[in-house]
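K.L.:
This is target24.txt (compact mmCIF, C-alpha atoms).
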```
# COMPACT_ATOMS: atom_id res chain seq x y z
CA MET I 1 -29.67 -8.47 -25.17
CA SER I 2 -31.36 -10.78 -22.62
CA CYS I 3 -32.23 -14.40 -23.38
CA TYR I 4 -35.93 -13.44 -23.55
CA ALA I 5 -35.28 -10.61 -26.00
CA THR I 6 -33.27 -12.99 -28.16
CA ILE I 7 -36.10 -15.47 -28.26
CA MET I 8 -38.61 -12.78 -29.22
CA SER I 9 -36.48 -11.54 -32.08
CA THR I 10 -36.06 -15.01 -33.53
CA ASN I 11 -39.80 -15.77 -33.34
CA HIS I 12 -41.12 -12.44 -34.59
CA LYS I 13 -43.56 -14.10 -37.05
CA ARG I 14 -45.60 -15.68 -34.26
CA PRO I 15 -48.46 -13.73 -32.63
CA HIS I 16 -47.34 -11.83 -29.55
CA SER I 17 -49.81 -13.73 -27.36
CA ALA I 18 -48.27 -17.06 -28.43
CA ILE I 19 -44.70 -16.15 -27.48
CA LYS I 20 -43.61 -17.96 -24.34
CA PRO I 21 -40.14 -18.48 -22.90
CA PRO I 22 -38.89 -22.00 -23.54
CA ARG I 23 -38.83 -24.34 -20.59
CA GLN I 24 -35.70 -26.20 -21.63
CA ASN I 25 -32.12 -25.43 -22.74
CA VAL I 26 -32.28 -21.74 -21.73
CA ALA I 27 -31.49 -20.69 -18.16
CA PRO I 28 -33.54 -17.80 -16.81
CA PRO I 29 -31.54 -15.06 -15.10
CA ASN I 30 -32.03 -16.49 -11.60
CA GLU I 31 -30.48 -19.79 -12.73
CA LEU I 32 -27.28 -18.41 -14.21
CA SER I 33 -24.00 -19.85 -12.98
CA PRO I 34 -23.17 -18.51 -9.50
CA LEU I 35 -19.63 -17.75 -10.66
CA LEU I 36 -20.92 -15.84 -13.68
CA LEU I 37 -23.30 -13.83 -11.49
CA GLU I 38 -20.46 -13.05 -9.10
CA ASP I 39 -18.22 -11.91 -11.96
CA LEU I 40 -21.01 -9.67 -13.26
CA THR I 41 -21.56 -8.27 -9.77
CA VAL I 42 -17.88 -7.45 -9.39
CA ASP I 43 -17.74 -5.80 -12.80
CA ILE I 44 -20.79 -3.64 -12.11
CA MET I 45 -19.78 -2.71 -8.58
CA SER I 46 -16.25 -1.77 -9.59
CA ARG I 47 -17.75 1.06 -11.67
CA LEU I 48 -19.73 2.56 -8.78
CA PRO I 49 -18.67 5.49 -6.59
CA VAL I 50 -17.40 4.83 -3.07
CA LYS I 51 -20.49 6.35 -1.42
CA SER I 52 -22.74 3.82 -3.14
CA LEU I 53 -20.45 0.91 -2.26
CA ASP I 54 -20.31 2.07 1.34
CA ARG I 55 -24.10 1.77 1.54
CA PHE I 56 -24.11 -1.66 -0.13
CA ILE I 57 -21.82 -3.06 2.57
CA ALA I 58 -24.74 -2.93 5.02
CA ILE I 59 -27.21 -4.64 2.67
CA SER I 60 -25.90 -8.22 2.79
CA LYS I 61 -23.04 -10.23 4.21
CA PRO I 62 -21.82 -11.53 0.80
CA TRP I 63 -21.63 -7.96 -0.55
CA ASN I 64 -19.84 -6.88 2.62
CA ILE I 65 -17.25 -9.62 2.13
CA LEU I 66 -16.82 -8.79 -1.55
CA ILE I 67 -16.53 -5.00 -1.21
CA SER I 68 -14.21 -5.26 1.82
CA SER I 69 -11.81 -7.67 0.12
CA SER I 70 -8.36 -6.44 -0.91
CA TYR I 71 -8.90 -7.87 -4.42
CA PHE I 72 -12.00 -5.78 -5.00
CA ILE I 73 -10.50 -2.64 -3.43
CA LYS I 74 -7.49 -2.84 -5.77
CA TYR I 75 -9.70 -3.57 -8.77
CA HIS I 76 -11.91 -0.57 -7.96
CA ILE I 77 -8.81 1.68 -7.72
CA GLN I 78 -7.57 0.37 -11.06
CA ARG I 79 -10.90 1.19 -12.67
CA SER I 80 -11.03 4.66 -11.10
CA ALA I 81 -7.51 5.64 -12.16
CA SER I 82 -7.38 4.10 -15.64
CA GLY I 83 -10.01 6.19 -17.43
CA SER I 84 -9.20 8.96 -19.86
CA CYS I 85 -11.90 11.25 -18.46
CA LEU I 86 -11.84 13.33 -15.29
CA THR I 87 -14.84 11.78 -13.58
CA ASN I 88 -12.80 10.15 -10.81
CA TYR I 89 -10.11 12.79 -10.29
CA ARG I 90 -10.15 15.53 -7.67
CA LEU I 91 -7.66 18.14 -6.50
CA LEU I 92 -6.54 18.58 -2.92
CA GLY I 93 -6.17 22.20 -1.84
CA GLY I 94 -4.98 24.05 1.23
CA GLY I 95 -6.00 27.42 2.62
CA SER I 96 -3.98 30.45 1.62
CA TYR I 97 -2.95 30.83 5.25
CA GLY I 98 -2.90 27.14 6.10
CA TYR I 99 -5.01 25.68 8.94
CA SER I 100 -7.30 23.67 6.67
CA PHE I 101 -7.46 21.68 3.49
CA ARG I 102 -10.29 20.92 1.12
CA LEU I 103 -11.15 18.55 -1.66
CA SER I 104 -12.59 19.60 -5.00
CA ASP I 105 -15.58 18.06 -6.72
CA PRO I 106 -14.74 15.65 -9.57
CA LEU I 107 -12.84 17.68 -12.17
CA LEU I 108 -15.17 16.71 -15.01
CA SER I 109 -18.18 18.21 -13.24
CA ILE I 110 -16.27 21.42 -12.50
CA ILE I 111 -15.03 21.87 -16.05
CA LYS I 112 -18.51 21.28 -17.47
CA ASN I 113 -20.00 23.83 -15.07
CA PRO I 114 -21.35 26.66 -17.25
CA SER I 115 -20.35 29.27 -14.65
CA PRO I 116 -17.62 31.64 -15.95
CA SER I 117 -15.59 30.98 -12.79
CA PRO I 118 -16.81 27.75 -11.17
CA THR I 119 -15.90 27.13 -7.55
CA LEU I 120 -13.07 24.66 -7.17
CA PHE I 121 -12.75 23.81 -3.49
CA GLY I 122 -16.01 23.45 -1.64
CA ARG I 123 -15.66 20.43 0.61
CA LEU I 124 -13.85 21.05 3.90
CA LEU I 125 -11.91 17.98 5.00
CA LEU I 126 -10.15 19.17 8.14
CA GLU I 127 -9.53 22.30 10.12
CA ILE I 128 -6.15 22.23 11.86
CA TRP I 129 -4.69 24.52 14.46
CA HIS I 130 -1.42 24.84 12.53
CA ASP I 131 -0.23 24.94 8.93
CA PRO I 132 -0.17 21.28 7.76
CA LEU I 133 2.21 19.68 5.31
CA VAL I 134 0.44 17.25 3.00
CA VAL I 135 2.89 14.52 2.05
CA GLY I 136 0.78 12.99 -0.68
CA SER I 137 -2.33 11.16 -1.81
CA CYS I 138 -1.98 7.52 -2.81
CA ASN I 139 -4.90 5.29 -3.85
CA GLY I 140 -7.41 7.43 -2.01
CA LEU I 141 -5.43 7.90 1.22
CA ILE I 142 -4.20 11.38 2.16
CA CYS I 143 -1.04 11.53 4.27
CA TRP I 144 -0.20 14.72 6.18
CA ILE I 145 2.03 15.88 9.04
CA ASP I 146 0.83 16.87 12.49
CA PHE I 147 3.82 18.93 13.65
CA ARG I 148 4.88 18.94 17.30
CA ASP I 149 7.79 20.55 19.17
CA SER I 150 10.37 17.73 19.05
CA GLY I 151 8.78 15.46 16.49
CA ASN I 152 5.41 14.77 14.92
CA TYR I 153 2.65 12.34 14.08
CA ILE I 154 1.92 11.25 10.51
CA CYS I 155 -1.83 11.33 9.90
CA TYR I 156 -3.86 9.38 7.36
CA LEU I 157 -7.34 10.14 6.05
CA ASN I 158 -9.71 8.59 3.53
CA PRO I 159 -12.13 11.44 2.67
CA ALA I 160 -14.54 9.12 0.85
CA THR I 161 -15.16 6.88 3.87
CA GLY I 162 -14.28 9.36 6.63
CA SER I 163 -11.89 6.90 8.29
CA LYS I 164 -8.57 8.14 9.68
CA SER I 165 -5.59 7.10 11.79
CA ARG I 166 -2.10 8.26 12.71
CA SER I 167 1.37 6.80 13.11
CA PRO I 168 3.29 6.29 16.35
CA TYR I 169 5.10 9.42 17.50
CA LEU I 170 8.18 10.23 15.41
CA ARG I 171 10.93 11.89 17.44
CA TYR I 172 13.86 13.66 15.78
CA PRO I 173 17.45 14.11 16.94
CA SER I 174 18.08 17.55 18.37
CA GLY I 175 19.49 19.68 15.55
CA GLY I 176 19.90 23.33 14.70
CA ASP I 177 19.49 25.42 11.58
CA SER I 178 21.47 22.87 9.58
CA SER I 179 18.81 20.16 10.03
CA TYR I 180 15.54 19.59 8.19
CA ASN I 181 13.06 16.79 7.52
CA LEU I 182 11.67 15.17 4.38
CA TYR I 183 8.77 12.78 3.94
CA GLY I 184 7.27 10.40 1.41
CA PHE I 185 4.17 8.19 1.18
CA GLY I 186 3.45 5.31 -1.18
CA TYR I 187 2.08 1.83 -1.81
CA ASP I 188 3.98 -1.44 -1.35
CA HIS I 189 2.33 -3.59 -4.01
CA VAL I 190 4.08 -6.80 -2.93
CA ASN I 191 2.85 -6.71 0.66
CA ASP I 192 -0.35 -4.76 -0.13
CA SER I 193 0.51 -2.11 2.44
CA TYR I 194 1.13 1.63 2.65
CA LYS I 195 4.40 3.03 3.93
CA THR I 196 5.65 6.42 5.04
CA VAL I 197 9.33 7.33 4.81
CA ALA I 198 10.77 10.06 7.04
CA ILE I 199 14.26 11.48 6.47
CA TYR I 200 16.14 13.58 9.00
CA CYS I 201 18.96 15.57 7.38
CA ASP I 202 21.82 17.44 9.06
CA THR I 203 24.33 19.03 6.69
CA LYS I 204 26.85 19.77 9.48
CA GLU I 205 27.54 16.12 10.22
CA ASP I 206 30.93 14.84 9.06
CA THR I 207 30.03 11.48 7.55
CA ILE I 208 27.27 10.69 5.06
CA ASP I 209 25.74 7.99 7.28
CA LYS I 210 25.20 10.65 9.94
CA LYS I 211 23.98 13.32 7.54
CA THR I 212 20.75 11.41 6.84
CA LEU I 213 18.66 9.26 9.15
CA VAL I 214 15.93 7.34 7.28
CA LYS I 215 12.98 5.68 8.99
CA VAL I 216 9.93 3.86 7.64
CA TYR I 217 6.51 3.13 9.08
CA GLU I 218 4.09 0.57 7.64
CA LEU I 219 0.49 1.69 8.07
CA GLY I 220 -1.35 -0.63 10.45
CA ALA I 221 1.72 -2.67 11.36
CA PRO I 222 2.23 -3.54 15.05
CA THR I 223 5.80 -2.28 14.89
CA THR I 224 6.84 1.35 15.25
CA TRP I 225 9.21 3.40 13.06
CA ARG I 226 12.13 1.33 11.74
CA LYS I 227 15.54 2.62 10.69
CA ILE I 228 16.65 1.68 7.16
CA GLN I 229 19.63 2.42 4.91
CA SER I 230 20.89 6.03 4.90
CA PHE I 231 20.91 8.15 1.75
CA PRO I 232 24.17 8.15 -0.24
CA TYR I 233 23.78 11.92 -0.75
CA VAL I 234 22.04 14.78 1.02
CA PRO I 235 18.64 15.70 -0.45
CA LYS I 236 18.41 19.16 -1.97
CA ARG I 237 16.66 21.86 0.02
CA SER I 238 15.63 25.29 -1.21
CA GLY I 239 12.40 25.92 0.66
CA GLY I 240 9.72 24.57 -1.69
CA SER I 241 7.23 22.11 -0.19
CA ASN I 242 7.54 19.99 -3.34
CA GLU I 243 11.13 19.19 -2.35
CA ALA I 244 10.12 18.18 1.17
CA CYS I 245 7.92 15.35 -0.15
CA GLY I 246 9.12 12.39 -2.17
CA VAL I 247 7.58 11.77 -5.59
CA TYR I 248 5.89 8.36 -5.71
CA VAL I 249 6.46 6.38 -8.93
CA ASN I 250 6.44 2.65 -9.59
CA GLY I 251 6.80 1.56 -5.96
CA THR I 252 9.53 4.10 -5.19
CA LEU I 253 9.80 7.50 -3.50
CA ASN I 254 12.17 9.93 -5.20
CA TRP I 255 14.09 13.03 -4.10
CA LEU I 256 16.55 15.33 -5.85
CA CYS I 257 19.98 15.19 -4.21
CA THR I 258 23.39 16.76 -4.79
CA ARG I 259 26.56 14.73 -5.18
CA PRO I 260 29.87 15.86 -3.61
CA ASN I 261 30.78 17.47 -6.98
CA ASP I 262 27.53 19.49 -6.70
CA SER I 263 25.81 17.72 -9.60
CA LEU I 264 22.18 16.64 -9.35
CA VAL I 265 20.99 13.05 -9.00
CA VAL I 266 17.77 11.33 -7.97
CA VAL I 267 17.88 9.10 -4.91
CA SER I 268 14.95 6.72 -4.64
CA VAL I 269 13.69 4.59 -1.79
CA ASP I 270 12.31 1.24 -2.91
CA ILE I 271 9.44 0.93 -0.44
CA VAL I 272 9.11 -2.82 -1.04
CA ASN I 273 12.72 -3.73 -0.26
CA GLU I 274 13.35 -0.58 1.82
CA THR I 275 16.63 0.17 0.09
CA CYS I 276 18.09 3.33 -1.49
CA ASN I 277 19.20 3.58 -5.12
CA GLU I 278 20.52 6.25 -7.50
CA VAL I 279 18.56 7.22 -10.61
CA SER I 280 20.36 9.31 -13.22
CA LEU I 281 18.84 12.46 -14.67
CA PRO I 282 19.08 13.42 -18.37
CA GLY I 283 22.70 13.50 -19.55
CA PHE I 284 23.08 17.26 -19.78
CA VAL I 285 21.92 17.61 -16.14
CA ASP I 286 24.26 14.86 -15.00
CA ALA I 287 27.19 16.71 -16.54
CA ASN I 288 26.44 20.10 -14.94
CA ARG I 289 26.62 21.46 -11.44
CA TYR I 290 23.44 22.11 -9.52
CA GLY I 291 23.66 25.89 -9.97
CA ALA I 292 23.71 25.50 -13.77
CA VAL I 293 20.16 24.06 -13.79
CA ALA I 294 17.53 26.60 -12.74
CA ARG I 295 14.48 25.63 -10.68
CA PRO I 296 14.85 21.82 -10.92
CA SER I 297 11.91 19.73 -9.65
CA LEU I 298 10.56 16.18 -9.78
CA TRP I 299 7.00 15.22 -10.70
CA ALA I 300 4.93 12.15 -11.55
CA LEU I 301 2.85 12.15 -14.75
CA GLY I 302 1.29 9.21 -16.55
CA GLY I 303 2.87 6.80 -14.09
CA CYS I 304 6.36 8.05 -15.02
CA LEU I 305 9.01 10.05 -13.19
CA CYS I 306 9.37 13.56 -14.63
CA PHE I 307 12.04 16.25 -14.22
CA SER I 308 11.49 19.94 -14.92
CA TYR I 309 13.76 22.96 -15.07
CA GLU I 310 13.78 26.49 -16.38
CA ASN I 311 15.56 27.29 -19.63
CA ASN I 312 16.92 30.82 -20.33
CA ARG I 313 14.53 32.27 -17.74
CA THR I 314 11.78 32.11 -20.38
CA HIS I 315 10.74 28.46 -20.83
CA PHE I 316 9.46 25.60 -18.70
CA VAL I 317 10.98 22.29 -19.84
CA LEU I 318 9.63 18.92 -18.75
CA TRP I 319 11.39 15.58 -19.29
CA GLN I 320 9.74 12.19 -18.79
CA MET I 321 11.46 8.89 -17.95
CA LYS I 322 9.49 6.35 -19.98
CA VAL I 323 11.08 3.31 -18.27
CA TYR I 324 11.77 3.88 -14.61
CA GLY I 325 15.47 3.49 -13.78
CA ASP I 326 16.59 3.49 -17.43
CA ALA I 327 18.54 6.72 -17.99
CA SER I 328 18.38 6.26 -21.77
CA SER I 329 14.56 6.52 -21.66
CA TRP I 330 14.52 10.23 -20.70
CA ASN I 331 12.68 12.27 -23.35
CA VAL I 332 11.47 15.87 -23.53
CA LEU I 333 7.72 15.82 -22.98
CA PHE I 334 7.34 19.53 -23.73
CA ASN I 335 9.16 22.86 -23.79
CA ILE I 336 6.77 25.78 -23.38
CA SER I 337 7.35 29.50 -22.89
CA TYR I 338 6.00 31.43 -19.92
CA ARG I 339 4.58 34.00 -22.33
CA GLU I 340 2.67 31.31 -24.22
CA ILE I 341 0.85 30.12 -21.10
CA GLY I 342 0.40 33.63 -19.72
CA ILE I 343 2.47 33.65 -16.54
CA SER I 344 5.31 35.76 -15.26
CA ARG I 345 8.73 34.33 -14.60
CA ASN I 346 8.68 36.11 -11.25
CA ILE I 347 5.94 33.82 -9.91
CA PRO I 348 7.79 31.15 -7.93
CA ASP I 349 6.85 27.45 -8.04
CA TYR I 350 4.73 27.72 -11.19
CA PRO I 351 3.69 26.10 -13.45
CA LYS I 352 2.86 22.89 -11.55
CA PRO I 353 2.17 19.74 -13.61
CA LEU I 354 -0.74 17.94 -11.93
CA LEU I 355 -2.10 15.18 -14.13
CA MET I 356 -1.61 13.54 -17.53
CA LEU I 357 -4.62 11.96 -19.22
CA ASN I 358 -4.64 9.02 -21.63
CA ASN I 359 -5.10 11.34 -24.61
CA GLY I 360 -1.85 13.18 -23.78
CA ASP I 361 -3.42 16.26 -22.18
CA VAL I 362 -1.45 17.61 -19.24
CA ILE I 363 -3.18 19.68 -16.56
CA LEU I 364 -0.97 22.41 -15.09
CA GLN I 365 -1.70 24.99 -12.45
CA ILE I 366 -0.25 28.30 -13.60
CA THR I 367 -1.35 30.72 -10.85
CA GLU I 368 -2.07 30.32 -7.16
CA PRO I 369 -5.57 31.90 -7.15
CA GLY I 370 -6.98 29.28 -9.53
CA GLY I 371 -5.54 29.47 -13.03
CA TYR I 372 -5.17 26.15 -14.86
CA ILE I 373 -4.47 24.96 -18.38
CA PHE I 374 -4.98 21.80 -20.36
CA TYR I 375 -1.93 21.48 -22.59
CA ASN I 376 -1.52 18.85 -25.30
CA PRO I 377 2.15 18.87 -26.37
CA THR I 378 1.51 16.66 -29.41
CA VAL I 379 -0.69 19.25 -31.13
CA ASN I 380 0.54 22.24 -29.08
CA LYS I 381 -3.00 23.07 -27.99
CA ILE I 382 -3.77 25.08 -24.83
CA LYS I 383 -7.13 25.44 -23.09
CA TYR I 384 -7.46 27.82 -20.13
CA PHE I 385 -9.62 27.37 -17.04
CA LYS I 386 -10.16 29.86 -14.23
CA PHE I 387 -11.61 28.70 -10.94
CA GLN I 388 -12.68 30.66 -7.89
CA SER I 389 -10.61 28.65 -5.47
CA GLY I 390 -9.59 31.10 -2.74
CA MET I 391 -7.01 28.43 -1.90
CA SER I 392 -3.43 27.63 -2.68
CA LEU I 393 -2.98 24.16 -4.11
CA PHE I 394 -0.60 21.73 -2.47
CA GLU I 395 2.25 20.67 -4.70
CA SER I 396 1.11 18.34 -7.48
CA ILE I 397 -1.47 16.42 -5.47
CA VAL I 398 -4.22 14.68 -7.41
CA HIS I 399 -6.70 12.53 -5.53
CA ILE I 400 -9.10 9.70 -6.40
CA ASP I 401 -11.80 8.21 -4.17
CA SER I 402 -11.22 4.66 -2.95
CA LEU I 403 -12.20 2.11 -0.30
CA VAL I 404 -8.69 1.81 1.15
CA SER I 405 -8.77 1.97 4.92
CA PRO I 406 -6.15 3.89 6.93
CA CYS I 407 -6.92 1.37 9.70
CA PRO I 408 -6.19 -1.86 7.78
CA THR I 409 -7.26 -5.24 9.06
CA ARG I 410 -6.70 -8.68 7.63
CA PRO I 411 -8.39 -8.68 4.16
CA GLN I 412 -11.54 -10.70 3.60
CA ARG I 413 -11.56 -13.52 1.06
CA ILE I 414 -13.79 -13.47 -2.03
CA ARG I 415 -16.05 -16.44 -2.66
CA GLY I 416 -15.70 -18.07 -6.03
CA ARG I 417 -12.50 -19.09 -7.77
CA SER I 418 -13.35 -17.40 -11.04
CA THR I 419 -13.71 -13.94 -9.48
CA ARG I 420 -10.61 -14.35 -7.37
CA ALA I 421 -8.47 -15.55 -10.26
CA ARG I 422 -9.66 -12.77 -12.56
CA LEU I 423 -9.18 -10.00 -10.00
CA ALA I 424 -5.77 -11.31 -8.99
CA ALA I 425 -4.66 -11.35 -12.63
CA GLU I 426 -6.06 -7.90 -13.43
CA THR I 427 -4.61 -6.21 -10.34
CA SER I 428 -1.19 -7.90 -10.33
CA GLY I 429 1.81 -5.69 -11.02
```
Before anything else, please render the file you have as structure tokens.
P.N.:
Amino acid sequence: MSCYATIMSTNHKRPHSAIKPPRQNVAPPNELSPLLLEDLTVDIMSRLPVKSLDRFIAISKPWNILISSSYFIKYHIQRSASGSCLTNYRLLGGGSYGYSFRLSDPLLSIIKNPSPSPTLFGRLLLEIWHDPLVVGSCNGLICWIDFRDSGNYICYLNPATGSKSRSPYLRYPSGGDSSYNLYGFGYDHVNDSYKTVAIYCDTKEDTIDKKTLVKVYELGAPTTWRKIQSFPYVPKRSGGSNEACGVYVNGTLNWLCTRPNDSLVVVSVDIVNETCNEVSLPGFVDANRYGAVARPSLWALGGCLCFSYENNRTHFVLWQMKVYGDASSWNVLFNISYREIGISRNIPDYPKPLLMLNNGDVILQITEPGGYIFYNPTVNKIKYFKFQSGMSLFESIVHIDSLVSPCPTRPQRIRGRSTRARLAAETSG
């Protein structure tokens, strides 16, 4: 209620013509504290879509400084990703035969579409002359591989702003059929930067330090690719694109690897410190050889690392690590039969967990043409959705719009200590 509305309500016995705003003790809106106005501006703007904010940048210099600041960009991302609804979430899809990828409309608008089979992917992002590998989407930036003969470029795109860039050329050692490459993309929250990790693997090498070559590139940094610590074990490879890309959780990129005794373990790259660490899987997996666990995969749901496998060729089992790095925090999130969700065991790579909402609902893709379910494991409730996608979805990639630039410059400073202090506190950690 405004100050004028408050005054009117407290003086309702006076004739309407006699009601006048007081001249003292009450500040009209244009005399409110500058810091309070700035805080209100930040709060309102943080709720707006990127397209609107992009237009506001050209309206005034103070708004340009505010919207372009790293504090505001992080606060806007936090707002976009913290809601329980699907207004801010999109899915990234690739063509059935490669050569392009597209972005869906916000999921909430698609699900509310009264059409029996609403269209999922309508917005063409890029057309590419070869089949691309999308490494991931992090805070509104899409990272994908531009393959070349003896190496490649790593490309970055913000679909909301249309800005893009690419890494310096990444050249690989000459290897044969025993060599392969893995990639990961994530956010370094300490240095407020985005990093790509590239791993060259050669299983024929004799020593472990030669079996893996790990390099990192910091987006926008003047330096080129830097070599960091090698993996203690060789990452697992069985052909799925999900295994080629590291799973980003809590400032780390994670891959499934096999120990010398053929048991499974997670090896993570801390992208802040640029070091490698082991993360144990649930106890029963740790105690078994790789072949004893069918179709193992890593995922990220609800900000937690997840591990899935197939049980008795009939069930999809998903574990969630509640506290990253704490092996005792592994818990079964759900155990669901293929028959219950209506898919055949013969369909490879499905189901794919995509997103967990605040209410516990998990979105899974169950068929390549466009079959999805909302599954709530707490109440064992399933809701089916069928989209006319005409696309195959990249592995577990959920996207939100943001203002993050793939061509970063030195961040602008926000005027006003109150706004800065509040944004710094709310976006820390």
K.L.:
Could you check which of I:Asn376, I:Thr196, I:Ser268, I:Ser46 is closest to Glu218 (chain I), using only C-alpha atoms?
P.N.:
I:Thr196
K.L.:
Distance CA of Tyr233 (chain I)-CA of Val190 (chain I), one decimal place?
P.N.:
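The value is 27.3 Å.
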K.L.:
For a quick check of understanding, using all atoms listed in the file, which of I:Met45, I:Val50, I:Ile366, I:Val269 has the smallest distance to Val247 (chain I)?
P.N.:
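For Val247 (chain I), the nearest of the given residues is I:Val269.
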K.L.:
Give the answer as one residue: which of I:Lys112, I:Leu37, I:Lys227, I:Tyr187 has the shortest atom-to-atom distance to Thr275 (chain I), using all atoms listed in the file?
P.N.:
I:Lys227
K.L.:
To one decimal place, how far is CA of Pro377 (chain I) from CA of Leu103 (chain I) in Å?
P.N.:
28.1 Å
K.L.:
Rounded to one decimal, what separation in Å do you get between CA of Ala160 (chain I) and CA of Ser193 (chain I)?
P.N.:
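Atom-to-atom, CA of Ala160 (chain I) and CA of Ser193 (chain I) are spaced 18.8 Å apart.
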K.L.:
Could you give me, as a PyMOL selection string, the residues within 7 Å of region 180-182 of chain I, counting only C-alpha atoms and dropping anything in the same chain fewer than 4 positions from it?
P.N.:
chain I and resi 198-202+244-245
K.L.:
Could you check which of I:Pro173, I:Pro353, I:Gly283, I:Gly251 is closest to Ile397 (chain I), using all atoms listed in the file?
P.N.:
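Closest to Ile397 (chain I) of all the choices is I:Pro353.
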K.L.:
Report as a PyMOL selection string all protein, DNA and RNA residues lying within 10 Å of region 252-267 of chain I, evaluated on all atoms listed in the file, omitting residues in the same chain fewer than 4 positions from it.
P.N.:
chain I and resi 182-188+196-197+231-237+242-248+271-282+285-293+296-300+305+307+324
K.L.:
Using all atoms listed in the file for the distances, tell me which of I:Leu40, I:Val249, I:Val379, I:Leu357 is nearest to Cys306 (chain I).
P.N.:
I:Val249
K.L.:
Neighbours of Ala81 (chain I) within 12 Å (all atoms listed in the file; same-chain residues fewer than 5 positions away dropped), as a list in words?
P.N.:
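What passes the distance filter is Ser46, Arg47, Lys74, Tyr75, His76, Leu86, Thr87, Asn88, Tyr89, Arg90, Cys138, Asn139, Gly140, Gly302, Gly303, Leu355, Met356, Leu357, Asn358, Val398, His399, Ile400, Asp401 and Ser402 of chain I.
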K.L.:
Neighbouring residues of Arg339 (chain I) were defined as those with any atom within 10 Å, considering only C-alpha atoms; residues of the same chain fewer than 4 positions away were excluded. Please report them as number ranges by chain.
P.N.:
I: 314-315, 343-345
K.L.:
Give me region 330-343 of chain I with N, CA and C atoms filled in, as a tab-separated table (two decimals), in the frame of the given file.
P.N.:
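Below you can see result30.tsv, which holds the result:
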```tsv
chain	number	residue	atom	x	y	z
I	330	TRP	N	14.94	8.84	-20.90
I	330	TRP	CA	14.52	10.23	-20.70
I	330	TRP	C	14.21	10.89	-22.04
I	331	ASN	N	13.06	11.53	-22.14
I	331	ASN	CA	12.68	12.27	-23.35
I	331	ASN	C	12.00	13.57	-22.95
I	332	VAL	N	12.15	14.59	-23.79
I	332	VAL	CA	11.47	15.87	-23.53
I	332	VAL	C	9.99	15.69	-23.82
I	333	LEU	N	9.17	15.91	-22.80
I	333	LEU	CA	7.72	15.82	-22.98
I	333	LEU	C	7.20	17.11	-23.61
I	334	PHE	N	7.66	18.26	-23.09
I	334	PHE	CA	7.34	19.53	-23.73
I	334	PHE	C	8.28	20.63	-23.25
I	335	ASN	N	8.34	21.67	-24.06
I	335	ASN	CA	9.16	22.86	-23.79
I	335	ASN	C	8.28	24.05	-24.15
I	336	ILE	N	7.77	24.75	-23.14
I	336	ILE	CA	6.77	25.78	-23.38
I	336	ILE	C	7.20	27.09	-22.72
I	337	SER	N	6.93	28.20	-23.41
I	337	SER	CA	7.35	29.50	-22.89
I	337	SER	C	6.36	30.03	-21.87
I	338	TYR	N	6.88	30.79	-20.91
I	338	TYR	CA	6.00	31.43	-19.92
I	338	TYR	C	5.00	32.37	-20.60
I	339	ARG	N	5.46	33.05	-21.62
I	339	ARG	CA	4.58	34.00	-22.33
I	339	ARG	C	3.42	33.26	-22.98
I	340	GLU	N	3.70	32.08	-23.52
I	340	GLU	CA	2.67	31.31	-24.22
I	340	GLU	C	1.54	30.86	-23.28
I	341	ILE	N	1.88	30.57	-22.03
I	341	ILE	CA	0.85	30.12	-21.10
I	341	ILE	C	0.38	31.25	-20.18
I	342	GLY	N	0.93	32.45	-20.38
I	342	GLY	CA	0.40	33.63	-19.72
I	342	GLY	C	0.79	33.80	-18.27
I	343	ILE	N	2.02	33.42	-17.90
I	343	ILE	CA	2.47	33.65	-16.54
I	343	ILE	C	3.79	34.40	-16.54
```
